[in-house]
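Shown next: target-v8.cif, containing mmCIF, C-alpha atoms.
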data_query
#
loop_
_atom_site.group_PDB
_atom_site.id
_atom_site.type_symbol
_atom_site.label_atom_id
_atom_site.label_comp_id
_atom_site.auth_asym_id
_atom_site.auth_seq_id
_atom_site.Cartn_x
_atom_site.Cartn_y
_atom_site.Cartn_z
ATOM 1 C CA MET A 1 0.000 0.000 0.000
ATOM 2 C CA LYS A 2 2.832 2.417 0.876
ATOM 3 C CA CYS A 3 4.484 1.630 -2.467
ATOM 4 C CA ARG A 4 1.325 2.645 -4.384
ATOM 5 C CA LEU A 5 1.065 5.855 -2.371
ATOM 6 C CA TYR A 6 4.685 6.800 -3.144
ATOM 7 C CA LEU A 7 4.202 5.965 -6.814
ATOM 8 C CA ALA A 8 1.031 8.072 -7.009
ATOM 9 C CA LEU A 9 2.771 10.956 -5.227
ATOM 10 C CA ALA A 10 5.728 10.751 -7.623
ATOM 11 C CA LEU A 11 3.452 10.754 -10.688
ATOM 12 C CA VAL A 12 1.484 13.766 -9.417
ATOM 13 C CA THR A 13 4.694 15.624 -8.608
ATOM 14 C CA LEU A 14 6.278 14.927 -11.987
ATOM 15 C CA SER A 15 3.150 15.874 -13.912
ATOM 16 C CA ASN A 16 2.703 19.168 -12.026
ATOM 17 C CA PRO A 17 4.308 22.058 -13.980
ATOM 18 C CA ALA A 18 5.284 23.741 -10.726
ATOM 19 C CA PHE A 19 7.609 20.814 -9.924
ATOM 20 C CA SER A 20 9.046 20.090 -13.339
ATOM 21 C CA GLN A 21 12.009 21.830 -14.933
ATOM 22 C CA PRO A 22 11.547 23.356 -18.371
ATOM 23 C CA SER A 23 13.234 21.325 -21.086
ATOM 24 C CA ILE A 24 15.104 23.964 -23.011
ATOM 25 C CA ALA A 25 17.582 22.494 -25.459
ATOM 26 C CA PRO A 26 20.771 24.543 -25.380
ATOM 27 C CA ALA A 27 22.006 25.857 -28.699
ATOM 28 C CA VAL A 28 24.955 23.776 -29.852
ATOM 29 C CA THR A 29 27.819 25.966 -30.880
ATOM 30 C CA VAL A 30 31.383 24.895 -31.231
ATOM 31 C CA ALA A 31 33.938 26.615 -29.089
ATOM 32 C CA PRO A 32 35.427 29.542 -30.991
ATOM 33 C CA SER A 33 37.845 28.911 -33.824
ATOM 34 C CA LEU A 34 37.057 25.292 -34.758
ATOM 35 C CA ASP A 35 33.618 25.584 -36.378
ATOM 36 C CA TRP A 36 35.220 25.509 -39.864
ATOM 37 C CA MET A 37 36.163 21.866 -39.341
ATOM 38 C CA ILE A 38 32.703 20.551 -38.381
ATOM 39 C CA GLY A 39 31.172 18.165 -40.908
ATOM 40 C CA GLU A 40 31.584 14.972 -42.884
ATOM 41 C CA TRP A 41 34.692 14.862 -45.083
ATOM 42 C CA ALA A 42 36.014 12.319 -47.606
ATOM 43 C CA GLY A 43 38.822 12.153 -50.120
ATOM 44 C CA GLU A 44 42.069 10.575 -51.166
ATOM 45 C CA GLY A 45 45.654 10.753 -50.109
ATOM 46 C CA THR A 46 48.767 8.733 -49.445
ATOM 47 C CA LEU A 47 49.769 6.629 -46.449
ATOM 48 C CA PHE A 48 53.376 5.433 -46.307
ATOM 49 C CA GLY A 49 53.688 6.335 -49.993
ATOM 50 C CA ARG A 50 50.648 4.302 -51.072
ATOM 51 C CA PRO A 51 47.296 5.632 -52.382
ATOM 52 C CA SER A 52 44.611 5.826 -49.685
ATOM 53 C CA ARG A 53 40.922 6.575 -49.202
ATOM 54 C CA VAL A 54 40.139 8.763 -46.212
ATOM 55 C CA SER A 55 37.047 9.831 -44.286
ATOM 56 C CA LEU A 56 36.745 12.202 -41.370
ATOM 57 C CA SER A 57 33.685 13.076 -39.311
ATOM 58 C CA VAL A 58 33.943 16.063 -36.963
ATOM 59 C CA LYS A 59 31.008 16.753 -34.642
ATOM 60 C CA PRO A 60 30.417 19.108 -31.728
ATOM 61 C CA ILE A 61 29.903 17.351 -28.384
ATOM 62 C CA LEU A 62 29.307 18.420 -24.792
ATOM 63 C CA GLY A 63 27.207 21.397 -25.771
ATOM 64 C CA GLY A 64 29.843 22.655 -28.191
ATOM 65 C CA LYS A 65 32.638 22.706 -25.612
ATOM 66 C CA ALA A 66 34.446 19.900 -27.464
ATOM 67 C CA VAL A 67 34.563 18.097 -30.786
ATOM 68 C CA ALA A 68 34.707 14.385 -31.620
ATOM 69 C CA LEU A 69 36.674 13.154 -34.618
ATOM 70 C CA ASP A 70 36.140 9.801 -36.313
ATOM 71 C CA TYR A 71 38.908 9.149 -38.823
ATOM 72 C CA ALA A 72 39.362 6.212 -41.176
ATOM 73 C CA VAL A 73 41.955 5.486 -43.853
ATOM 74 C CA SER A 74 42.221 2.429 -46.073
ATOM 75 C CA VAL A 75 44.957 1.268 -48.426
ATOM 76 C CA ASN A 76 44.615 -1.652 -50.841
ATOM 77 C CA THR A 77 46.990 -4.590 -50.963
ATOM 78 C CA GLU A 78 49.984 -3.785 -53.155
ATOM 79 C CA GLY A 79 52.215 -6.689 -54.167
ATOM 80 C CA GLU A 80 53.583 -8.153 -50.958
ATOM 81 C CA LYS A 81 52.343 -5.203 -48.910
ATOM 82 C CA PRO A 82 49.110 -6.009 -47.037
ATOM 83 C CA ALA A 83 46.018 -3.813 -47.030
ATOM 84 C CA ILE A 84 45.775 -1.220 -44.263
ATOM 85 C CA ASN A 85 42.479 -0.358 -42.574
ATOM 86 C CA PHE A 86 43.008 2.220 -39.872
ATOM 87 C CA THR A 87 40.178 3.638 -37.774
ATOM 88 C CA SER A 88 40.364 6.011 -34.860
ATOM 89 C CA HIS A 89 38.392 8.219 -32.538
ATOM 90 C CA GLY A 90 39.574 11.407 -30.938
ATOM 91 C CA PHE A 91 38.160 14.314 -29.063
ATOM 92 C CA TYR A 92 39.391 17.830 -28.445
ATOM 93 C CA ARG A 93 38.167 20.299 -25.868
ATOM 94 C CA ALA A 94 38.877 23.985 -25.847
ATOM 95 C CA THR A 95 41.238 25.284 -23.186
ATOM 96 C CA LYS A 96 42.634 28.810 -22.785
ATOM 97 C CA GLY A 97 42.905 30.996 -25.853
ATOM 98 C CA LYS A 98 43.092 29.061 -29.070
ATOM 99 C CA ARG A 99 44.483 25.931 -27.397
ATOM 100 C CA TRP A 100 42.845 22.506 -27.530
ATOM 101 C CA GLU A 101 43.609 19.250 -25.749
ATOM 102 C CA GLY A 102 42.224 15.740 -25.882
ATOM 103 C CA ARG A 103 42.744 12.025 -26.384
ATOM 104 C CA TRP A 104 43.071 9.706 -29.355
ATOM 105 C CA VAL A 105 42.499 5.956 -29.591
ATOM 106 C CA ASP A 106 42.783 3.731 -32.661
ATOM 107 C CA ASN A 107 42.433 0.151 -33.860
ATOM 108 C CA PHE A 108 46.232 -0.278 -33.849
ATOM 109 C CA GLY A 109 46.129 -0.053 -30.042
ATOM 110 C CA ASN A 110 47.405 3.511 -29.697
ATOM 111 C CA LEU A 111 46.151 5.850 -26.998
ATOM 112 C CA HIS A 112 47.612 9.336 -27.326
ATOM 113 C CA ASP A 113 47.285 12.644 -25.550
ATOM 114 C CA LEU A 114 46.531 15.519 -27.927
ATOM 115 C CA ASN A 115 47.614 19.135 -27.624
ATOM 116 C CA GLY A 116 46.588 21.497 -30.359
ATOM 117 C CA ARG A 117 46.531 25.109 -31.319
ATOM 118 C CA ILE A 118 44.456 27.024 -33.819
ATOM 119 C CA ASP A 119 46.031 29.284 -36.394
ATOM 120 C CA GLY A 120 43.244 30.795 -38.537
ATOM 121 C CA THR A 121 41.650 27.801 -40.265
ATOM 122 C CA SER A 122 44.370 25.347 -39.266
ATOM 123 C CA LEU A 123 44.557 23.036 -36.279
ATOM 124 C CA ILE A 124 48.041 21.794 -35.496
ATOM 125 C CA ALA A 125 47.949 18.894 -33.052
ATOM 126 C CA MET A 126 50.879 17.273 -31.285
ATOM 127 C CA TRP A 127 50.227 13.705 -30.175
ATOM 128 C CA GLY A 128 51.928 10.857 -28.384
ATOM 129 C CA SER A 129 54.534 10.675 -25.664
ATOM 130 C CA PRO A 130 58.243 9.854 -25.409
ATOM 131 C CA GLY A 131 57.374 6.321 -24.239
ATOM 132 C CA THR A 132 55.367 5.539 -27.380
ATOM 133 C CA GLU A 133 55.745 7.778 -30.394
ATOM 134 C CA ILE A 134 55.436 11.483 -31.022
ATOM 135 C CA GLY A 135 53.776 13.063 -33.998
ATOM 136 C CA ARG A 136 52.061 16.086 -35.415
ATOM 137 C CA THR A 137 48.887 16.379 -37.488
ATOM 138 C CA ARG A 138 47.860 19.504 -39.336
ATOM 139 C CA TYR A 139 44.247 20.014 -40.413
ATOM 140 C CA ALA A 140 44.076 23.010 -42.751
ATOM 141 C CA LEU A 141 41.101 24.433 -44.625
ATOM 142 C CA GLU A 142 42.389 25.737 -47.957
ATOM 143 C CA GLY A 143 40.181 26.647 -50.903
ATOM 144 C CA GLY A 144 37.243 24.680 -49.519
ATOM 145 C CA ALA A 145 39.296 21.478 -49.102
ATOM 146 C CA LEU A 146 40.503 20.071 -45.796
ATOM 147 C CA LEU A 147 44.180 19.149 -46.094
ATOM 148 C CA LEU A 148 45.611 16.704 -43.568
ATOM 149 C CA THR A 149 49.322 16.169 -43.030
ATOM 150 C CA ASP A 150 50.580 13.566 -40.556
ATOM 151 C CA GLN A 151 54.165 13.471 -39.338
ATOM 152 C CA ALA A 152 56.070 11.272 -36.898
ATOM 153 C CA LEU A 153 59.258 12.043 -34.992
ATOM 154 C CA MET A 154 62.102 9.870 -36.274
ATOM 155 C CA ASP A 155 65.107 8.664 -34.261
ATOM 156 C CA SER A 156 67.124 11.337 -36.075
ATOM 157 C CA GLY A 157 65.028 14.017 -34.331
ATOM 158 C CA VAL A 158 63.318 15.089 -37.564
ATOM 159 C CA MET A 159 59.542 15.095 -38.148
ATOM 160 C CA GLU A 160 58.830 13.018 -41.269
ATOM 161 C CA VAL A 161 55.564 13.066 -43.255
ATOM 162 C CA PHE A 162 53.920 9.643 -43.443
ATOM 163 C CA ALA A 163 50.427 10.585 -44.667
ATOM 164 C CA THR A 164 48.706 13.351 -46.577
ATOM 165 C CA SER A 165 45.056 13.732 -47.591
ATOM 166 C CA ARG A 166 42.833 16.138 -49.470
ATOM 167 C CA LEU A 167 39.228 15.944 -48.282
ATOM 168 C CA SER A 168 36.029 17.515 -49.565
ATOM 169 C CA LYS A 169 32.960 18.179 -47.476
ATOM 170 C CA LYS A 170 30.142 15.752 -48.233
#
Would you mind giving the structure from this file in structure tokens?
Amino acid sequence: MKCRLYLALALVTLSNPAFSQPSIAPAVTVAPSLDWMIGEWAGEGTLFGRPSRVSLSVKPILGGKAVALDYAVSVNTEGEKPAINFTSHGFYRATKGKRWEGRWVDNFGNLHDLNGRIDGTSLIAMWGSPGTEIGRTRYALEGGALLLTDQALMDSGVMEVFATSRLSKK
């Protein structure tokens, strides 16, 4: 009997406008300086010197305070070289000024910290750590295309390009 009374009281309370909170959906805006990157992108490029197909999805999350990136690149088998199918998920959140930070995880087992900065319509992101690998990715909007350049730090101390892509918005 007590259970029914509590249930009835809860239903009356929840249905009474005086007790309920208004459901106002906040406007989703991306933190300043990264809105140019939002969208679905696809195109071609090279990965380790081989032709590749690339897709990138960039969406605002957390009420526009961060963005999520879903990135995929595939390379066909070439002679003795096996096919490559790389998928990853990352997120960036705005910090002070035009700085961004986040995390990256991929199907190769990598988990990287991300630290980026905005320069106009470019995001330059440093990733990795001395215990794993260190790299840099540049996302640049040029002439309506999104150009991606990936580099890794070599033992020689030089950053070497290992992938480039030219993507168009779908």
Suppose you want the space between atom CA of Gly39 of chain A and atom CA of Gln151 of chain A; what is it in Å? 23.5 Å
Which value, in Å to one decimal, gives the distance between atom CA of Leu34 of chain A and atom CA of Ala140 of chain A? 10.9 Å
Answer key for the PyMOL selection byres ((chain A and resi 84-90) around 6), residues as a list of chain:residue names: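 This file gives the following for the PyMOL selection byres ((chain A and resi 84-90) around 6): A:Ala68, A:Leu69, A:Asp70, A:Tyr71, A:Ala72, A:Val73, A:Ser74, A:Val75, A:Ala83, A:Phe91, A:Arg103, A:Trp104, A:Val105, A:Asp106, A:Asn107.
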I need the residue nearest Leu114 of chain A from this list: A:Lys81, A:Gly131, A:Gly64, A:Tyr92. Use all atoms listed in the file for the distance.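 The shortest atom-to-atom distance to Leu114 of chain A comes from A:Tyr92.
Interatomic distance, atom CA of Met126 of chain A against atom CA of Gly63 of chain A: 24.7 Å.
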I'd like to know which of A:Lys65, A:Arg138, A:Arg117, A:Arg166 is closest to Thr46 of chain A, using all atoms listed in the file. A:Arg166
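Minimum atom-to-atom distance to Arg99 of chain A, evaluated using only C-alpha atoms, belongs to A:Ile124 out of A:Met37, A:Leu146, A:Ile124, A:Met159.
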When the PyMOL selection byres ((chain A and resi 161) around 12) is applied to the structure above, which residues does it catch, written out as a list in words?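 Those residues are Thr46, Leu47, Phe48, Gly49, Gly135, Arg136, Thr137, Arg138, Leu148, Thr149, Asp150, Gln151, Ala152, Leu153, Met154, Val158, Met159, Glu160, Phe162, Ala163, Thr164 and Ser165 of chain A.
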Starting from the displayed file, determine the output of the PyMOL selection byres ((chain A and resi 97) around 10) and express the residue list as a ChimeraX atom specification. /A:32-33,94-96,98-100,117-118
I want to know what sits within 10 Å of Gly43 of chain A, based on all atoms listed in the file, with residues of the same chain fewer than 3 positions away left out; could you give that as a count of residues only? 15
Let me make sure I understand: among A:Gly79, A:Gly102, A:Gly144, A:Gly157, which one has the smallest atom-to-atom distance to Trp36 of chain A if we use all atoms listed in the file? A:Gly144
